[in-house]
file my_file_31.txt (compact mmCIF, C-alpha atoms)
# COMPACT_ATOMS: atom_id res chain seq x y z
CA MET B 1 24.65 32.17 -7.41
CA ALA B 2 26.10 28.81 -6.40
CA GLY B 3 23.75 28.63 -3.45
CA THR B 4 20.76 29.28 -5.70
CA SER B 5 21.70 26.58 -8.22
CA GLN B 6 22.09 23.96 -5.50
CA SER B 7 18.96 24.86 -3.61
CA SER B 8 16.72 21.93 -2.77
CA PHE B 9 13.63 24.16 -2.72
CA ASP B 10 10.90 22.38 -4.69
CA HIS B 11 8.25 24.72 -6.11
CA HIS B 12 6.09 21.78 -7.22
CA ASP B 13 6.16 20.27 -3.74
CA LEU B 14 5.19 23.63 -2.24
CA ARG B 15 2.31 23.92 -4.72
CA ARG B 16 1.05 20.45 -3.79
CA ARG B 17 1.24 21.16 -0.07
CA VAL B 18 -0.59 24.48 -0.43
CA ALA B 19 -3.25 22.79 -2.58
CA ARG B 20 -3.79 20.09 0.04
CA ARG B 21 -4.14 22.68 2.80
CA LEU B 22 -6.67 24.65 0.77
CA MET B 23 -8.66 21.49 0.01
CA ARG B 24 -8.68 20.60 3.70
CA LEU B 25 -10.00 24.05 4.59
CA ILE B 26 -12.66 24.05 1.86
CA LEU B 27 -13.83 20.45 1.98
CA GLY B 28 -12.84 19.27 5.42
CA ARG B 29 -11.88 15.66 6.03
CA HIS B 30 -14.07 12.82 4.85
CA GLU B 31 -16.52 11.25 7.24
CA GLN B 32 -15.51 7.95 8.79
CA PRO B 33 -17.20 4.89 7.30
CA ASP B 34 -20.46 4.05 9.05
CA GLY B 35 -19.97 0.29 8.57
CA GLN B 36 -22.72 -0.04 5.99
CA PRO B 37 -21.49 -1.69 2.77
CA LEU B 38 -22.31 -0.35 -0.66
CA PRO B 39 -25.47 -1.86 -2.13
CA THR B 40 -25.02 -4.60 -4.71
CA HIS B 41 -28.35 -3.96 -6.42
CA GLY B 42 -30.04 -0.84 -7.73
CA VAL B 43 -26.77 0.67 -8.96
CA TYR B 44 -27.21 1.49 -12.64
CA ARG B 45 -25.03 4.52 -13.32
CA ILE B 46 -21.38 4.43 -12.22
CA LEU B 47 -18.68 7.07 -12.67
CA VAL B 48 -14.99 6.18 -12.36
CA CYS B 49 -12.52 9.05 -11.83
CA ARG B 50 -8.90 8.27 -12.71
CA ILE B 51 -7.08 11.41 -13.77
CA SER B 52 -3.57 10.15 -14.60
CA HIS B 53 -2.72 10.39 -18.30
CA SER B 54 0.15 7.87 -18.38
CA LEU B 55 -0.25 4.69 -20.42
CA GLY B 56 0.59 2.40 -17.52
CA ASN B 57 -1.92 3.94 -15.12
CA THR B 58 -4.59 3.93 -17.83
CA LEU B 59 -4.09 0.23 -18.55
CA LEU B 60 -4.05 -0.59 -14.84
CA MET B 61 -7.60 0.77 -14.62
CA THR B 62 -8.94 -2.16 -16.64
CA PRO B 63 -8.99 -4.63 -13.71
CA LEU B 64 -11.45 -2.31 -11.92
CA LEU B 65 -13.67 -2.20 -15.00
CA ALA B 66 -13.64 -6.00 -15.20
CA GLU B 67 -14.59 -6.17 -11.52
CA LEU B 68 -17.41 -3.64 -11.99
CA GLU B 69 -18.78 -5.68 -14.88
CA ARG B 70 -18.72 -8.78 -12.67
CA LEU B 71 -20.29 -7.20 -9.58
CA TYR B 72 -22.65 -4.76 -11.32
CA PRO B 73 -23.57 -6.47 -14.61
CA GLU B 74 -26.69 -4.33 -14.97
CA ALA B 75 -24.84 -1.01 -14.71
CA GLU B 76 -23.54 1.53 -17.20
CA ILE B 77 -20.05 2.93 -16.59
CA ASP B 78 -18.74 6.41 -17.41
CA ILE B 79 -15.07 7.35 -17.03
CA LEU B 80 -13.47 10.70 -16.27
CA THR B 81 -9.82 10.75 -17.34
CA ARG B 82 -6.97 12.74 -18.85
CA SER B 83 -5.66 9.78 -20.84
CA PRO B 84 -5.26 10.46 -24.59
CA VAL B 85 -5.69 6.72 -25.33
CA ALA B 86 -8.83 6.24 -23.23
CA ASP B 87 -11.01 5.27 -26.20
CA ASP B 88 -8.55 2.58 -27.32
CA VAL B 89 -8.19 1.17 -23.81
CA PHE B 90 -11.73 1.40 -22.43
CA GLY B 91 -13.80 1.36 -25.61
CA HIS B 92 -14.04 -2.44 -25.87
CA PHE B 93 -15.60 -2.88 -22.42
CA PHE B 94 -19.27 -3.53 -23.17
CA GLN B 95 -20.63 -1.59 -20.19
CA VAL B 96 -18.52 1.53 -20.74
CA ASN B 97 -20.75 4.29 -22.13
CA ARG B 98 -19.20 7.76 -21.98
CA ILE B 99 -15.57 8.75 -21.65
CA PHE B 100 -15.14 12.32 -20.40
CA ARG B 101 -11.63 13.44 -21.40
CA LEU B 102 -9.96 16.31 -19.61
CA PRO B 103 -6.93 18.12 -21.11
CA ALA B 104 -3.52 17.23 -19.71
CA HIS B 105 -3.07 20.82 -18.45
CA GLY B 106 -6.38 22.32 -17.42
CA VAL B 107 -4.93 25.69 -16.37
CA GLY B 108 -3.93 26.47 -19.94
CA HIS B 109 -7.17 25.16 -21.45
CA PRO B 110 -10.01 26.15 -19.10
CA LEU B 111 -12.82 25.67 -21.65
CA GLN B 112 -11.57 22.21 -22.59
CA TYR B 113 -11.55 21.41 -18.89
CA LEU B 114 -14.99 22.78 -18.10
CA ARG B 115 -16.91 21.26 -21.02
CA PRO B 116 -16.51 17.60 -20.01
CA LEU B 117 -17.14 18.51 -16.37
CA ARG B 118 -20.43 20.15 -17.30
CA ARG B 119 -21.43 17.08 -19.31
CA MET B 120 -20.48 14.83 -16.41
CA ARG B 121 -22.47 16.88 -13.90
CA ARG B 122 -25.65 16.55 -15.96
CA VAL B 123 -25.78 12.85 -15.11
CA GLN B 124 -27.26 11.60 -11.85
CA TYR B 125 -24.99 8.76 -10.78
CA ASP B 126 -25.71 6.07 -8.26
CA LEU B 127 -22.00 5.54 -7.51
CA ALA B 128 -18.88 7.62 -8.15
CA ILE B 129 -15.46 6.03 -7.52
CA ASP B 130 -12.23 7.89 -6.81
CA ALA B 131 -9.87 5.08 -7.85
CA ASP B 132 -6.53 6.73 -7.02
CA PRO B 133 -5.30 6.57 -3.40
CA LEU B 134 -3.09 9.65 -3.86
CA SER B 135 -4.69 12.17 -6.22
CA GLN B 136 -6.56 15.02 -4.53
CA THR B 137 -7.79 16.13 -7.96
CA GLY B 138 -9.52 12.79 -8.38
CA ARG B 139 -11.24 13.27 -5.01
CA LEU B 140 -12.38 16.78 -5.93
CA LEU B 141 -13.83 15.64 -9.28
CA THR B 142 -15.60 12.75 -7.57
CA LEU B 143 -17.18 15.21 -5.15
CA LEU B 144 -18.27 17.42 -8.06
CA SER B 145 -20.30 14.58 -9.52
CA ASN B 146 -23.99 14.23 -8.78
CA SER B 147 -23.83 10.84 -7.10
CA THR B 148 -25.79 9.11 -4.37
CA TRP B 149 -22.77 7.17 -3.12
CA THR B 150 -19.11 8.17 -3.33
CA LEU B 151 -16.26 5.75 -2.80
CA GLY B 152 -12.54 6.32 -2.27
CA PHE B 153 -9.54 5.57 -0.09
CA ASP B 154 -9.02 6.94 3.40
CA SER B 155 -5.61 8.54 2.91
CA PRO B 156 -3.74 11.43 4.57
CA LYS B 157 -3.58 13.05 1.11
CA LYS B 158 -7.36 12.90 0.62
CA HIS B 159 -9.83 15.50 1.83
CA GLY B 160 -13.54 15.92 1.27
CA ARG B 161 -16.56 14.06 2.65
CA ILE B 162 -17.47 10.85 0.85
CA THR B 163 -20.04 8.24 1.82
CA HIS B 164 -17.66 5.26 1.78
CA ALA B 165 -13.98 5.71 2.74
CA VAL B 166 -11.84 2.56 2.74
CA PRO B 167 -8.52 2.48 4.66
CA LEU B 168 -5.45 1.68 2.59
CA PRO B 169 -4.43 -1.97 3.04
CA LYS B 170 -1.11 -2.71 4.72
CA ASP B 171 -0.16 -5.70 2.59
CA LEU B 172 -1.26 -4.63 -0.91
CA ARG B 173 0.39 -1.92 -3.00
CA HIS B 174 -0.13 -2.90 -6.62
CA LYS B 175 -1.55 -0.05 -8.72
CA GLY B 176 -3.82 -2.36 -10.69
CA GLN B 177 -5.15 -4.30 -7.70
CA LEU B 178 -5.79 -1.45 -5.25
CA PRO B 179 -8.93 -0.12 -7.05
CA VAL B 180 -10.36 -3.65 -7.11
CA TYR B 181 -9.60 -4.02 -3.40
CA LEU B 182 -11.34 -0.68 -2.80
CA LEU B 183 -14.55 -1.90 -4.44
CA ARG B 184 -14.51 -5.33 -2.81
CA GLN B 185 -13.91 -3.86 0.63
CA ALA B 186 -16.74 -1.34 0.19
CA ILE B 187 -19.31 -4.01 -0.67
CA ALA B 188 -17.97 -6.45 1.95
CA ARG B 189 -16.73 -9.06 -0.53
CA ASP B 190 -13.72 -11.36 -0.26
CA THR B 191 -10.58 -9.32 -0.93
CA THR B 192 -8.27 -12.36 -1.05
CA MET B 193 -9.62 -13.97 -4.22
CA ALA B 194 -7.58 -13.64 -7.42
CA TYR B 195 -7.49 -10.18 -8.94
CA PRO B 196 -8.45 -9.73 -12.59
CA PRO B 197 -5.35 -8.95 -14.68
CA PRO B 198 -5.15 -5.94 -17.01
CA ASP B 199 -7.06 -6.61 -20.21
CA LEU B 200 -7.44 -4.64 -23.45
CA ARG B 201 -10.08 -7.06 -24.80
CA ILE B 202 -8.05 -7.89 -27.91
CA THR B 203 -10.30 -9.68 -30.39
CA ASP B 204 -9.40 -12.90 -32.22
CA ASP B 205 -9.27 -10.93 -35.48
CA GLU B 206 -6.87 -8.35 -33.99
CA ARG B 207 -4.69 -11.16 -32.66
CA ARG B 208 -4.61 -12.87 -36.08
CA ARG B 209 -3.69 -9.66 -37.89
CA GLY B 210 -0.97 -8.93 -35.34
CA ARG B 211 0.59 -12.35 -35.92
CA ASP B 212 0.42 -11.81 -39.69
CA ALA B 213 2.26 -8.47 -39.28
CA LEU B 214 5.02 -10.20 -37.33
CA LEU B 215 5.41 -12.89 -39.99
CA ARG B 216 5.66 -10.21 -42.69
CA SER B 217 8.39 -8.48 -40.69
CA LEU B 218 10.33 -11.73 -40.43
CA ALA B 219 9.87 -12.42 -44.15
CA ALA B 220 11.27 -8.98 -45.01
CA HIS B 221 14.50 -10.10 -43.30
CA GLY B 222 14.60 -13.43 -45.14
CA ILE B 223 13.18 -15.46 -42.23
CA ASP B 224 10.50 -17.83 -43.51
CA SER B 225 9.14 -19.27 -40.25
CA PRO B 226 8.54 -18.31 -36.60
CA GLY B 227 10.98 -21.01 -35.53
CA GLN B 228 10.75 -22.04 -31.90
CA GLY B 229 8.81 -18.88 -31.11
CA ILE B 230 8.79 -15.12 -31.64
CA ILE B 231 10.24 -13.06 -28.78
CA GLY B 232 9.50 -9.34 -28.71
CA ILE B 233 12.07 -6.99 -27.16
CA PHE B 234 11.20 -3.41 -26.19
CA ALA B 235 14.47 -1.75 -25.21
CA ASN B 236 13.13 1.66 -24.15
CA ALA B 237 11.85 3.06 -20.85
CA THR B 238 11.60 6.44 -19.15
CA GLY B 239 13.98 8.03 -16.67
CA ASP B 240 16.21 5.78 -14.60
CA LYS B 241 14.26 2.70 -15.74
CA LEU B 242 16.02 2.95 -19.12
CA ILE B 243 18.54 0.14 -19.66
CA GLY B 244 21.46 0.90 -22.00
CA GLN B 245 22.18 -0.81 -25.30
CA ASP B 246 25.29 -2.53 -23.96
CA TRP B 247 23.12 -4.21 -21.29
CA TRP B 248 20.69 -5.42 -23.95
CA ASP B 249 23.50 -6.66 -26.19
CA ARG B 250 24.86 -8.84 -23.40
CA PHE B 251 21.36 -9.97 -22.42
CA LEU B 252 20.45 -10.94 -25.99
CA GLY B 253 23.77 -12.73 -26.42
CA VAL B 254 22.80 -15.15 -23.64
CA LEU B 255 19.20 -15.46 -24.85
CA GLN B 256 20.18 -16.26 -28.45
CA ALA B 257 22.88 -18.70 -27.38
CA GLN B 258 20.36 -20.74 -25.38
CA TYR B 259 17.45 -20.34 -27.82
CA PRO B 260 19.04 -20.05 -31.28
CA GLN B 261 15.83 -21.19 -33.01
CA CYS B 262 13.78 -18.32 -31.58
CA ARG B 263 13.11 -15.19 -33.63
CA ILE B 264 13.84 -11.82 -32.08
CA VAL B 265 11.61 -8.89 -33.09
CA GLU B 266 12.29 -5.39 -31.77
CA ILE B 267 9.25 -3.33 -30.79
CA VAL B 268 10.25 0.20 -31.83
CA PRO B 269 9.43 3.08 -29.42
CA ALA B 270 6.95 5.85 -30.19
CA PHE B 271 9.69 8.22 -31.38
CA GLY B 272 10.36 5.83 -34.29
CA ARG B 273 14.01 4.90 -33.76
CA SER B 274 15.54 1.49 -33.10
CA MET B 275 17.23 1.06 -29.72
CA LEU B 276 19.19 -1.98 -30.98
CA ASP B 277 20.88 -0.57 -34.11
CA SER B 278 18.17 -2.07 -36.37
CA ARG B 279 19.85 -5.50 -36.12
CA TYR B 280 16.56 -7.39 -35.82
CA PRO B 281 13.23 -7.54 -37.60
CA ALA B 282 11.07 -4.84 -36.07
CA TYR B 283 7.58 -3.45 -35.78
CA PHE B 284 6.49 0.16 -35.29
CA SER B 285 3.04 1.67 -34.94
CA SER B 286 1.67 4.86 -33.42
CA ASP B 287 -1.75 3.16 -33.16
CA LEU B 288 -2.17 1.66 -29.69
CA ARG B 289 -4.52 -1.17 -30.64
CA LYS B 290 -2.44 -2.17 -33.68
CA LEU B 291 0.62 -2.28 -31.45
CA ALA B 292 -1.29 -4.33 -28.86
CA SER B 293 -2.44 -6.70 -31.61
CA VAL B 294 1.17 -7.29 -32.67
CA LEU B 295 2.17 -7.88 -29.06
CA ALA B 296 -0.67 -10.39 -28.84
CA GLY B 297 0.90 -12.23 -31.78
CA LEU B 298 4.19 -12.75 -29.94
CA ASP B 299 5.02 -15.89 -28.03
CA VAL B 300 7.07 -13.98 -25.42
CA TYR B 301 7.56 -10.30 -24.60
CA ILE B 302 10.54 -8.90 -22.63
CA SER B 303 11.25 -5.34 -21.48
CA ALA B 304 12.03 -3.16 -18.51
CA ASP B 305 9.15 -1.79 -16.45
CA CYS B 306 7.27 0.60 -18.77
CA GLY B 307 3.89 1.35 -20.29
CA ILE B 308 4.46 -1.06 -23.20
CA MET B 309 5.11 -3.83 -20.67
CA HIS B 310 1.65 -3.20 -19.24
CA LEU B 311 0.27 -3.16 -22.79
CA ALA B 312 1.78 -6.61 -23.37
CA CYS B 313 0.10 -7.83 -20.18
CA THR B 314 -3.28 -6.68 -21.49
CA ALA B 315 -2.63 -8.67 -24.69
CA ARG B 316 -2.53 -11.88 -22.61
CA ILE B 317 0.88 -13.20 -23.68
CA ASN B 318 3.88 -14.43 -21.71
CA THR B 319 5.33 -11.17 -20.39
CA PHE B 320 8.66 -10.74 -18.59
CA GLY B 321 9.13 -7.38 -16.86
CA ILE B 322 12.70 -6.57 -15.80
CA PHE B 323 12.81 -4.42 -12.65
CA THR B 324 16.02 -2.61 -11.78
CA VAL B 325 14.78 0.47 -9.86
CA THR B 326 10.98 0.38 -9.51
CA ASP B 327 9.05 -1.77 -7.05
CA PRO B 328 7.51 -4.89 -8.67
CA ALA B 329 5.06 -5.09 -5.77
CA GLU B 330 3.52 -1.87 -7.11
CA TRP B 331 4.04 -2.18 -10.86
CA GLY B 332 4.86 -5.79 -11.67
CA PRO B 333 2.95 -7.81 -14.27
CA TYR B 334 0.60 -10.34 -12.70
CA GLY B 335 -1.81 -12.99 -13.87
CA PRO B 336 -1.23 -16.14 -15.95
CA GLY B 337 1.95 -16.09 -18.02
CA ASN B 338 3.32 -12.89 -16.49
CA HIS B 339 6.66 -12.74 -14.68
CA MET B 340 8.61 -10.17 -12.63
CA ILE B 341 12.40 -10.35 -12.98
CA PRO B 342 14.31 -8.39 -10.30
CA ALA B 343 17.65 -7.46 -11.86
CA ARG B 344 20.78 -5.55 -11.01
CA PRO B 345 21.68 -3.01 -13.71
CA LYS B 346 25.21 -4.44 -14.04
CA ASP B 347 24.22 -8.10 -14.43
CA PRO B 348 22.31 -8.75 -17.70
CA GLU B 349 23.61 -12.33 -17.89
CA ALA B 350 21.85 -13.23 -14.63
CA ALA B 351 18.57 -11.69 -15.82
CA ALA B 352 18.84 -13.57 -19.13
CA GLY B 353 19.60 -16.82 -17.34
CA SER B 354 16.55 -16.43 -15.12
CA ILE B 355 14.29 -15.81 -18.10
CA CYS B 356 15.82 -18.65 -20.15
CA GLU B 357 15.13 -21.07 -17.31
CA GLN B 358 11.45 -20.11 -17.28
CA LEU B 359 11.20 -20.27 -21.08
CA LYS B 360 11.71 -24.04 -20.84
CA THR B 361 8.08 -24.38 -19.77
CA ILE B 362 6.75 -21.85 -22.30
CA LEU B 363 8.39 -22.41 -25.68
CA PRO B 364 7.97 -25.65 -27.64
CA THR B 365 10.91 -28.00 -27.93
CA PRO B 366 12.44 -27.74 -31.42
call {"tool": "encode", "arguments": {"input": "my_file_31.txt", "output": "structure tokens"}}
result
Amino acid sequence: MAGTSQSSFDHHDLRRRVARRLMRLILGRHEQPDGQPLPTHGVYRILVCRISHSLGNTLLMTPLLAELERLYPEAEIDILTRSPVADDVFGHFFQVNRIFRLPAHGVGHPLQYLRPLRRMRRVQYDLAIDADPLSQTGRLLTLLSNSTWTLGFDSPKKHGRITHAVPLPKDLRHKGQLPVYLLRQAIARDTTMAYPPPDLRITDDERRRGRDALLRSLAAHGIDSPGQGIIGIFANATGDKLIGQDWWDRFLGVLQAQYPQCRIVEIVPAFGRSMLDSRYPAYFSSDLRKLASVLAGLDVYISADCGIMHLACTARINTFGIFTVTDPAEWGPYGPGNHMIPARPKDPEAAAGSICEQLKTILPTP
């Protein structure tokens, strides 16, 4: 019994390896690129396949949509995804037309899985993009589309013949930038120019209402002004990215000592419970765009690496992502006003000091 409980046998890993072998046998390997770039004109119907359902991966798809709107302004874009918040994230991109949503677990819901696929296959696309360098499911769904051109990464985990296979770059790993690189490389455009940051297309009205909600939260705690600035703290994260309350208490002690005129507002997690003992004014919403609007009303946002950090980035505010275990080169916030803070789990004072130093150029002098 002891040997069984300590076994390192991974059924999920075995399933993935068997699936890859079957896909290689059925589809073969993709053809090598013939050197001809994708056309930049005459592409009117585009399908983007990005199957991940996580909030972070969904938000990190928006740079590709911005790039498609720039390079193919005459085109209509459909999206195939498992994300439950796809409408909220992609719905404000003018060129996005249809969002085909697959269930999170297709095996248990075969009809829910087949219906959007049938709708997708009725469309004759000019270009279908497999935006994920790792997912074999994304490659399979791209191949199931009726598309003249198919685009994806050349990766050992990918099988199936596509018309344009782009090798993975050696010096770029960021999950939001890789799909943009893929497109630029395929049409022979400059891959070194600045990458569009994640963007939720928050409107001015949403931003105003989010700021008003923050001011109401402050007023409910007897605070009648935003002071030197409103700083949002999200103290939750998944798995080993989660930072404990004691760490946050020490971190906030340094932050408040150096910026006593700032207002702290806790952003409450989706399960509806404060992570900071309800000591601060707070905001909670299960509506993604309302939450993003409130984030847009902040002056500064601070959290560990998590989906809400990426949401803050899309709201175009000063975002500080604290990285203790994950790789900021893959997941870090980028673009104007966004900052990656490498931190050791046992040293919150150093992380707070680093952020306080950068706040000198962001917050107004009292």
call {"tool": "atom_distance", "arguments": {"input": "my_file_31.txt", "atom1": "atom CA of Val43 of chain B", "atom2": "atom CA of Leu55 of chain B"}}
result
29.2 Å
call {"tool": "atom_distance", "arguments": {"input": "my_file_31.txt", "atom1": "atom CA of Asp205 of chain B", "atom2": "atom CA of Leu291 of chain B"}}
result
13.7 Å
call {"tool": "closest_residue", "arguments": {"input": "my_file_31.txt", "among": "B:Pro73, B:Pro226, B:Gly56, B:Pro133", "to": "Thr314 of chain B", "atoms": "only C-alpha atoms"}}
result
B:Gly56
call {"tool": "residues_around", "arguments": {"input": "my_file_31.txt", "residues": "Phe93 of chain B", "least_positions_apart": "5", "cutoff": "10 Å", "atoms": "all atoms listed in the file", "output": "MDAnalysis selection string"}}
result
chainID B and resid 62 65:66 69 77 199:201
call {"tool": "atom_distance", "arguments": {"input": "my_file_31.txt", "atom1": "atom CA of Gly244 of chain B", "atom2": "atom CA of Ala270 of chain B"}}
result
17.4 Å
call {"tool": "closest_residue", "arguments": {"input": "my_file_31.txt", "among": "B:Val166, B:Ile341, B:Ala219, B:Leu102", "to": "Arg115 of chain B", "atoms": "only C-alpha atoms"}}
result
B:Leu102
call {"tool": "closest_residue", "arguments": {"input": "my_file_31.txt", "among": "B:Asp132, B:Asp212, B:Asp240, B:Asp126", "to": "Leu182 of chain B", "atoms": "all atoms listed in the file"}}
result
B:Asp132
call {"tool": "residues_around", "arguments": {"input": "my_file_31.txt", "residues": "Leu252 of chain B", "least_positions_apart": "3", "cutoff": "10 Å", "atoms": "only C-alpha atoms", "output": "PyMOL selection string"}}
result
chain B and resi 233+246-249+255-258+264+348-349+352
call {"tool": "residues_around", "arguments": {"input": "my_file_31.txt", "residues": "Leu178 of chain B", "least_positions_apart": "4", "cutoff": "10 Å", "atoms": "only C-alpha atoms", "output": "list in words"}}
result
Leu60, Met61, Pro63, Leu64, Ala131, Asp132, Pro133, Phe153, Leu168, Pro169, Leu172, Arg173, His174, Leu182, Leu183, Arg184, Tyr195 and Glu330 of chain B
call {"tool": "residues_around", "arguments": {"input": "my_file_31.txt", "residues": "Pro39 of chain B", "least_positions_apart": "3", "cutoff": "12 Å", "atoms": "only C-alpha atoms", "output": "PyMOL selection string"}}
result
chain B and resi 36+42-44+71-72+126-127+148-151+164+183-184+186-189
call {"tool": "residues_around", "arguments": {"input": "my_file_31.txt", "residues": "Asp277 of chain B", "least_positions_apart": "4", "cutoff": "12 Å", "atoms": "only C-alpha atoms", "output": "list in words"}}
result
Ala235, Gln245, Asp246, Trp248, Asp249, Glu266, Val268, Arg273, Pro281 and Ala282 of chain B
call {"tool": "closest_residue", "arguments": {"input": "my_file_31.txt", "among": "B:Gln177, B:Thr324, B:Ser145, B:Thr203", "to": "Thr191 of chain B", "atoms": "all atoms listed in the file"}}
result
B:Gln177
call {"tool": "closest_residue", "arguments": {"input": "my_file_31.txt", "among": "B:Pro260, B:Gly138, B:Pro328, B:Pro110", "to": "Gln228 of chain B", "atoms": "all atoms listed in the file"}}
result
B:Pro260
